[in-house]
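Enquirer: One file: final.cif (mmCIF, C-alpha atoms and all ligand atoms).
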```cif
data_protein
#
loop_
_atom_site.label_atom_id
_atom_site.label_comp_id
_atom_site.auth_asym_id
_atom_site.auth_seq_id
_atom_site.Cartn_x
_atom_site.Cartn_y
_atom_site.Cartn_z
CA GLN A 1 31.80 61.41 43.88
CA GLU A 2 32.81 58.00 42.52
CA TYR A 3 30.57 55.21 43.85
CA THR A 4 30.66 51.48 43.37
CA ALA A 5 27.18 50.39 42.28
CA LEU A 6 26.39 46.86 43.37
CA LYS A 7 23.90 44.47 41.75
CA LEU A 8 21.60 42.75 44.27
CA LYS A 9 19.47 40.31 42.31
CA VAL A 10 15.86 39.82 43.35
CA LYS A 11 15.18 36.24 44.42
CA GLU A 12 11.66 36.77 45.68
CA TRP A 13 9.53 39.92 45.62
CA ALA A 14 7.48 41.08 48.57
CA GLU A 15 3.73 40.73 47.86
CA PRO A 16 2.88 44.44 47.24
CA ALA A 17 5.70 44.83 44.72
CA LYS A 18 4.82 41.53 43.08
CA LYS A 19 1.26 42.76 42.47
CA ILE A 20 2.38 46.09 41.02
CA LEU A 21 4.92 44.46 38.72
CA GLU A 22 2.62 41.76 37.43
CA GLY A 23 2.66 41.70 33.63
CA LYS A 24 5.23 44.50 33.42
CA LEU A 25 8.35 42.37 33.20
CA PRO A 26 9.14 39.51 30.84
CA GLU A 27 9.13 35.97 32.18
CA GLY A 28 12.46 35.19 33.88
CA ALA A 29 13.73 38.78 33.84
CA ASN A 30 16.64 39.53 36.16
CA VAL A 31 15.89 42.51 38.36
CA TYR A 32 18.57 44.11 40.55
CA PHE A 33 18.46 46.58 43.41
CA ILE A 34 21.43 48.91 42.88
CA PRO A 35 22.95 50.30 46.10
CA ALA A 36 25.76 52.84 45.71
CA THR A 37 28.66 52.50 48.14
CA LEU A 38 31.97 54.19 48.86
CA ARG A 39 33.14 51.14 50.82
CA PRO A 40 33.21 48.11 48.49
CA GLU A 41 35.69 46.36 50.82
CA THR A 42 32.95 46.02 53.42
CA MET A 43 30.55 44.06 51.18
CA TYR A 44 31.36 40.79 53.00
CA GLY A 45 29.33 42.09 55.92
CA GLN A 46 26.06 43.06 54.19
CA THR A 47 23.12 41.99 56.36
CA CYS A 48 20.24 43.70 54.52
CA CYS A 49 19.60 46.46 52.00
CA PHE A 50 17.78 49.73 52.69
CA VAL A 51 15.27 51.76 50.72
CA GLY A 52 13.45 54.90 51.81
CA PRO A 53 9.91 53.64 52.53
CA HIS A 54 8.31 56.83 51.17
CA LEU A 55 10.63 57.35 48.21
CA LYS A 56 9.73 56.47 44.63
CA TYR A 57 11.79 53.92 42.72
CA GLY A 58 11.73 53.12 39.05
CA ILE A 59 12.30 49.73 37.46
CA PHE A 60 14.51 50.57 34.49
CA LYS A 61 15.22 48.34 31.52
CA VAL A 62 18.95 48.02 30.88
CA HIS A 63 18.90 45.03 28.53
CA ASP A 64 16.20 42.60 27.37
CA ASN A 65 16.64 40.46 30.43
CA GLU A 66 18.11 42.98 32.87
CA TYR A 67 16.35 45.62 34.97
CA PHE A 68 17.60 48.02 37.65
CA VAL A 69 15.71 49.34 40.68
CA CYS A 70 16.91 52.81 41.73
CA SER A 71 15.86 56.45 41.85
CA GLU A 72 14.97 58.10 38.58
CA ARG A 73 17.69 60.67 39.17
CA ALA A 74 20.30 57.91 39.38
CA ALA A 75 18.98 56.16 36.25
CA ARG A 76 19.24 59.44 34.36
CA ASN A 77 22.83 59.92 35.52
CA MET A 78 23.66 56.31 34.56
CA SER A 79 22.24 56.85 31.09
CA TYR A 80 24.99 59.44 30.50
CA GLN A 81 27.68 57.05 31.70
CA GLY A 82 27.25 54.28 29.18
CA ILE A 83 25.41 52.04 31.62
CA PHE A 84 22.28 51.92 29.47
CA PRO A 85 22.77 50.94 25.80
CA GLU A 86 21.37 54.20 24.42
CA TRP A 87 22.82 57.58 25.48
CA GLY A 88 20.42 59.54 27.68
CA VAL A 89 17.69 56.88 27.46
CA TYR A 90 16.56 55.01 30.60
CA PRO A 91 13.26 53.20 29.90
CA LYS A 92 11.06 52.99 32.99
CA VAL A 93 8.76 49.96 32.92
CA ALA A 94 7.23 50.39 36.38
CA GLU A 95 7.34 52.42 39.56
CA ILE A 96 7.11 51.33 43.18
CA GLU A 97 7.38 53.02 46.54
CA GLY A 98 10.10 51.80 48.84
CA LYS A 99 7.55 50.37 51.26
CA ASP A 100 6.14 48.10 48.54
CA ALA A 101 9.49 46.32 48.39
CA ILE A 102 10.01 45.77 52.14
CA GLY A 103 10.73 42.08 52.72
CA THR A 104 11.94 41.38 49.19
CA LEU A 105 14.71 38.77 49.25
CA VAL A 106 17.83 39.69 47.26
CA ASN A 107 21.20 38.11 46.69
CA ALA A 108 23.99 40.30 48.08
CA PRO A 109 27.26 39.60 46.20
CA MET A 110 30.17 38.61 48.47
CA SER A 111 28.08 38.74 51.63
CA VAL A 112 28.64 35.93 54.11
CA HIS A 113 24.84 35.72 54.12
CA SER A 114 24.75 33.83 50.84
CA GLU A 115 21.16 32.72 51.44
CA GLY A 116 20.21 36.31 50.59
CA VAL A 117 19.27 39.43 52.54
CA ARG A 118 16.05 41.43 52.86
CA ILE A 119 15.05 44.85 51.63
CA LEU A 120 14.25 46.91 54.75
CA PRO A 121 13.17 50.49 55.47
CA MET A 122 15.53 53.33 56.43
CA GLU A 123 13.85 56.69 56.95
CA THR A 124 17.07 58.66 56.48
CA VAL A 125 17.83 57.47 52.93
CA LYS A 126 18.17 60.54 50.72
CA ASP A 127 16.71 60.72 47.25
CA THR A 128 19.36 63.24 46.25
CA LYS A 129 22.41 61.04 46.74
CA GLY A 130 23.66 57.85 45.13
CA THR A 131 20.87 55.61 43.90
CA ALA A 132 18.57 55.96 46.97
CA VAL A 133 19.33 52.28 47.64
CA VAL A 134 21.82 51.65 50.48
CA THR A 135 23.35 48.31 51.32
CA CYS A 136 23.63 47.72 55.06
CA VAL A 137 26.95 46.96 56.74
CA PRO A 138 26.32 47.30 60.50
CA SER A 139 29.89 46.39 61.49
CA ASP A 140 31.36 49.51 59.87
CA SER A 141 28.61 52.02 59.16
CA PRO A 142 27.21 53.80 62.26
CA ASP A 143 24.03 54.79 60.37
CA ASP A 144 23.43 51.16 59.46
CA TYR A 145 24.14 49.93 62.98
CA ALA A 146 21.76 52.46 64.56
CA THR A 147 19.04 51.60 62.04
CA VAL A 148 19.38 47.85 62.49
CA ILE A 149 19.08 48.19 66.29
CA ASP A 150 16.00 50.37 65.87
CA LEU A 151 14.37 48.02 63.34
CA ALA A 152 14.92 44.99 65.56
CA LYS A 153 13.48 46.83 68.58
CA LYS A 154 10.36 47.93 66.71
CA ALA A 155 9.97 45.10 64.21
CA GLU A 156 6.22 44.93 64.69
CA TYR A 157 5.77 48.67 64.20
CA TYR A 158 7.75 48.51 60.97
CA GLY A 159 5.83 45.45 59.79
CA ILE A 160 8.91 43.32 59.38
CA GLN A 161 10.12 40.01 60.72
CA LYS A 162 12.82 40.12 63.38
CA GLU A 163 14.86 37.44 61.60
CA TRP A 164 15.17 39.73 58.58
CA VAL A 165 17.09 42.24 60.72
CA GLU A 166 18.98 40.10 63.18
CA LYS A 167 21.55 38.56 60.89
CA GLU A 168 24.98 37.92 62.29
CA ILE A 169 27.31 40.91 62.18
CA ILE A 170 30.76 39.67 61.24
CA PRO A 171 34.03 41.59 61.74
CA ILE A 172 35.50 42.85 58.46
CA ILE A 173 38.02 45.52 59.42
CA ASP A 174 40.23 45.88 62.47
CA THR A 175 41.09 49.43 63.55
CA PRO A 176 43.55 50.52 66.25
CA THR A 177 41.09 52.86 67.99
CA TYR A 178 37.73 51.08 67.71
CA GLY A 179 38.58 47.41 67.25
CA GLN A 180 36.63 45.14 64.90
CA PHE A 181 33.14 46.60 65.36
CA THR A 182 33.83 50.25 64.61
CA ALA A 183 30.19 51.21 64.11
CA GLN A 184 28.90 49.74 67.35
CA LYS A 185 31.82 51.24 69.28
CA LEU A 186 31.17 54.74 67.93
CA VAL A 187 27.40 54.52 68.39
CA GLU A 188 27.97 53.62 72.06
CA GLU A 189 30.78 56.12 72.62
CA LEU A 190 28.79 59.03 71.19
CA LYS A 191 25.63 57.83 72.96
CA ILE A 192 23.62 57.69 69.77
CA GLN A 193 20.06 56.73 70.71
CA SER A 194 18.35 56.41 67.36
CA PRO A 195 18.82 56.72 63.58
CA LYS A 196 17.40 60.23 63.94
CA ASP A 197 20.44 61.50 65.90
CA THR A 198 21.71 62.86 62.61
CA LYS A 199 24.29 65.30 63.99
CA LYS A 200 26.02 62.67 66.09
CA LEU A 201 25.73 60.09 63.32
CA GLU A 202 27.43 62.49 60.93
CA GLU A 203 30.32 62.77 63.40
CA ALA A 204 30.42 58.99 63.87
CA LYS A 205 30.50 58.44 60.11
CA GLU A 206 33.37 60.85 59.69
CA LYS A 207 35.36 59.14 62.44
CA ALA A 208 34.56 55.66 61.12
CA TYR A 209 35.63 56.62 57.61
CA LYS A 210 38.93 58.13 58.71
CA GLU A 211 39.86 55.32 61.04
CA GLY A 212 38.60 52.47 58.84
CA TYR A 213 39.98 53.74 55.58
CA TYR A 214 43.39 55.05 56.66
CA LYS A 215 44.21 52.79 59.60
CA GLY A 216 42.07 49.72 59.03
CA THR A 217 43.24 46.21 58.22
CA MET A 218 41.09 43.56 56.58
CA VAL A 219 40.25 40.62 58.84
CA CYS A 220 38.10 38.74 56.36
CA GLY A 221 37.89 37.79 52.69
CA ASP A 222 40.55 37.24 50.04
CA PHE A 223 42.61 40.22 51.15
CA LYS A 224 42.77 39.43 54.84
CA GLY A 225 45.81 41.13 56.40
CA LYS A 226 45.98 43.90 53.81
CA PRO A 227 45.40 47.56 54.64
CA VAL A 228 41.94 48.81 53.68
CA VAL A 229 43.37 51.40 51.27
CA GLU A 230 44.75 48.55 49.16
CA ALA A 231 41.88 46.13 49.65
CA LYS A 232 39.27 48.65 48.55
CA VAL A 233 40.57 48.68 44.98
CA LEU A 234 41.14 44.93 44.90
CA VAL A 235 37.65 44.08 46.12
CA ARG A 236 36.07 46.57 43.73
CA ASN A 237 37.95 45.02 40.80
CA GLN A 238 36.87 41.55 41.87
CA LEU A 239 33.23 42.60 42.03
CA GLU A 240 33.43 44.27 38.63
CA LYS A 241 35.12 41.28 37.02
CA ALA A 242 32.40 39.00 38.35
CA GLY A 243 29.78 41.30 36.81
CA ASP A 244 28.41 42.13 40.25
CA ALA A 245 29.28 45.84 40.27
CA PHE A 246 30.09 48.87 38.12
CA ASN A 247 31.30 52.42 38.61
CA TYR A 248 28.70 55.11 39.11
CA GLY A 249 29.84 58.70 39.18
CA GLU A 250 27.88 61.56 40.58
CA PRO A 251 28.53 65.11 39.41
CA ASP A 252 29.02 67.44 42.40
CA GLY A 253 27.28 70.40 40.78
CA LEU A 254 24.05 68.55 40.16
CA VAL A 255 21.81 70.74 42.31
CA ILE A 256 23.13 73.90 40.70
CA SER A 257 22.80 72.63 37.17
CA ARG A 258 19.24 71.49 37.88
CA SER A 259 17.98 74.85 39.08
CA SER A 260 19.70 76.90 36.39
C1 LIG B 301 28.15 50.58 52.46
C2 LIG B 301 28.93 51.14 53.56
C3 LIG B 301 29.70 50.50 54.50
C4 LIG B 301 28.84 52.55 53.60
C5 LIG B 301 30.37 51.25 55.44
C6 LIG B 301 29.47 53.33 54.54
C7 LIG B 301 30.24 52.69 55.48
P1 LIG B 301 28.72 59.86 51.84
O1 LIG B 301 30.09 59.99 52.35
O2 LIG B 301 27.75 60.70 52.60
O3 LIG B 301 28.61 60.03 50.34
N1 LIG B 301 24.59 56.07 51.24
C8 LIG B 301 24.67 55.99 49.90
N2 LIG B 301 23.63 56.58 49.31
C9 LIG B 301 22.86 57.06 50.30
C10 LIG B 301 21.61 57.77 50.33
N3 LIG B 301 20.96 58.09 49.20
N4 LIG B 301 21.10 58.11 51.53
C11 LIG B 301 21.75 57.78 52.67
N5 LIG B 301 22.91 57.09 52.71
C12 LIG B 301 23.46 56.74 51.55
O4 LIG B 301 28.28 58.39 52.19
C13 LIG B 301 28.25 57.35 51.29
C14 LIG B 301 27.73 56.17 52.07
O5 LIG B 301 26.44 56.53 52.57
C15 LIG B 301 27.58 54.94 51.22
O6 LIG B 301 28.58 53.95 51.53
C16 LIG B 301 26.29 54.35 51.75
O7 LIG B 301 26.70 53.51 52.80
C17 LIG B 301 25.51 55.52 52.25
F1 LIG B 301 31.11 50.66 56.35
O8 LIG B 301 27.76 51.72 51.71
B1 LIG B 301 27.96 52.98 52.42
C18 LIG B 301 31.65 55.15 57.84
C19 LIG B 301 30.77 54.74 56.69
N6 LIG B 301 30.94 53.34 56.47
#
```
So, in terms of structure tokens, how does the structure I just supplied come out?
Ligand code: ZZB
Expert:
Amino acid sequence: QEYTALKLKVKEWAEPAKKILEGKLPEGANVYFIPATLRPETMYGQTCCFVGPHLKYGIFKVHDNEYFVCSERAARNMSYQGIFPEWGVYPKVAEIEGKDAIGTLVNAPMSVHSEGVRILPMETVKDTKGTAVVTCVPSDSPDDYATVIDLAKKAEYYGIQKEWVEKEIIPIIDTPTYGQFTAQKLVEELKIQSPKDTKKLEEAKEKAYKEGYYKGTMVCGDFKGKPVVEAKVLVRNQLEKAGDAFNYGEPDGLVISRSS
């Protein structure tokens, strides 16, 4: 699986994370949350970024002034892809739980929300896929849409501020079957009630992928009017050139090779 890994720079840490990290990072260090995505062309519509509240995340030193937040598994994989300077080495300077980072303000490259977006909890984030950090695009990802609705409904329960969740959802891709808000349309059509409707969400994701990727047209950004298949590569290249993203590959046979 070939992901685009995006660099979301921390602008302001949430209090619990700030306490844990005190004295562990050099003054003025740049720290980035690293979501892995298969849909770089949707990055205009990022409204927040998800971590699993009960998952563990490492802060890994990439260069003197540059640190990545992701799962240890992902850091290890990256260290064999030339992303860290030394082969197979991924120095961990600290560890946090996802919940310690809830509320952290990060800069999301390309997002229309240039003031920054918040780190928020998503219970269904898997530790075994990507980087365990997921950037949220509620216009086009049914999982993200269902989670955002749930978070807004139960903001108090989750200990978050409503404004962190309720950012404007802008149209990014137009599709013949679902229009400009593919995720919302599918969530409603399939009567998905919560982020825990995993079976239905799996079906919605499949449909959204097929329709968006093969039949979608960009309605925003530099490649407005172009088919998504073309725009995907162009947007990814733009992000990489700007130093805001890099390729992250994930070997399919990982589980097998681990247990053998
Ligand atoms: C932004 C985005 C916008 C995504 C979209 C999807 C969609 P797949 O096919 O199962 O590999 N993701 C990445 N890592 C994780 C994780 N550890 N746990 C849970 N979800 C994760 O799915 C890859 C997509 O799943 C990634 O691409 C990411 O969300 C999420 F409009 O990033 B995506 C129809 C989907 N649309």
Enquirer: Using all atoms listed in the file and a cutoff of 12 Å, can you tell me which residues are near (10.4, 42.8, 47.1) in the file's coordinates, and write them out as a PyMOL selection string?
Expert: chain A and resi 8-21+31-33+49-51+69+96-107+117-121
Enquirer: Figure out the distance between atom CA of A:Tyr248 and atom CA of A:Ile34, please, to one decimal in Å.
Expert: 10.3 Å
Enquirer: Pick out the residues no farther than 9 Å from ligand LIG 301 (chain B), counting only C-alpha atoms and all ligand atoms, and list them as a PyMOL selection string.
Expert: chain A and resi 1+3-4+35-43+45-46+50-52+122+124-144+182-183+202+204-213
Enquirer: Which residues are near A:Arg73? Cut-off 12 Å, all atoms listed in the file, ignore same chain within fewer than 3 positions. Put them as a list in words.
Expert: Leu55, Lys56, Tyr57, Gly58, Phe60, Val69, Cys70, Arg76, Asn77, Met78, Ser79, Tyr80, Gly88, Tyr90, Lys92, Lys126, Asp127, Thr128, Lys129, Gly130, Thr131, Ala132, Glu250, Pro251, Leu254, Val255 and Arg258 of chain A
Enquirer: Near A:Ser194, within 12 Å and counting all atoms listed in the file, which residues show up once chain neighbours fewer than 5 positions away are dropped, as a count of residues only?
Expert: 20
Enquirer: For the atom pair atom CA of A:Lys241 and atom CA of A:Cys220, what is the interatomic distance in Å to one decimal place?
Expert: 19.7 Å
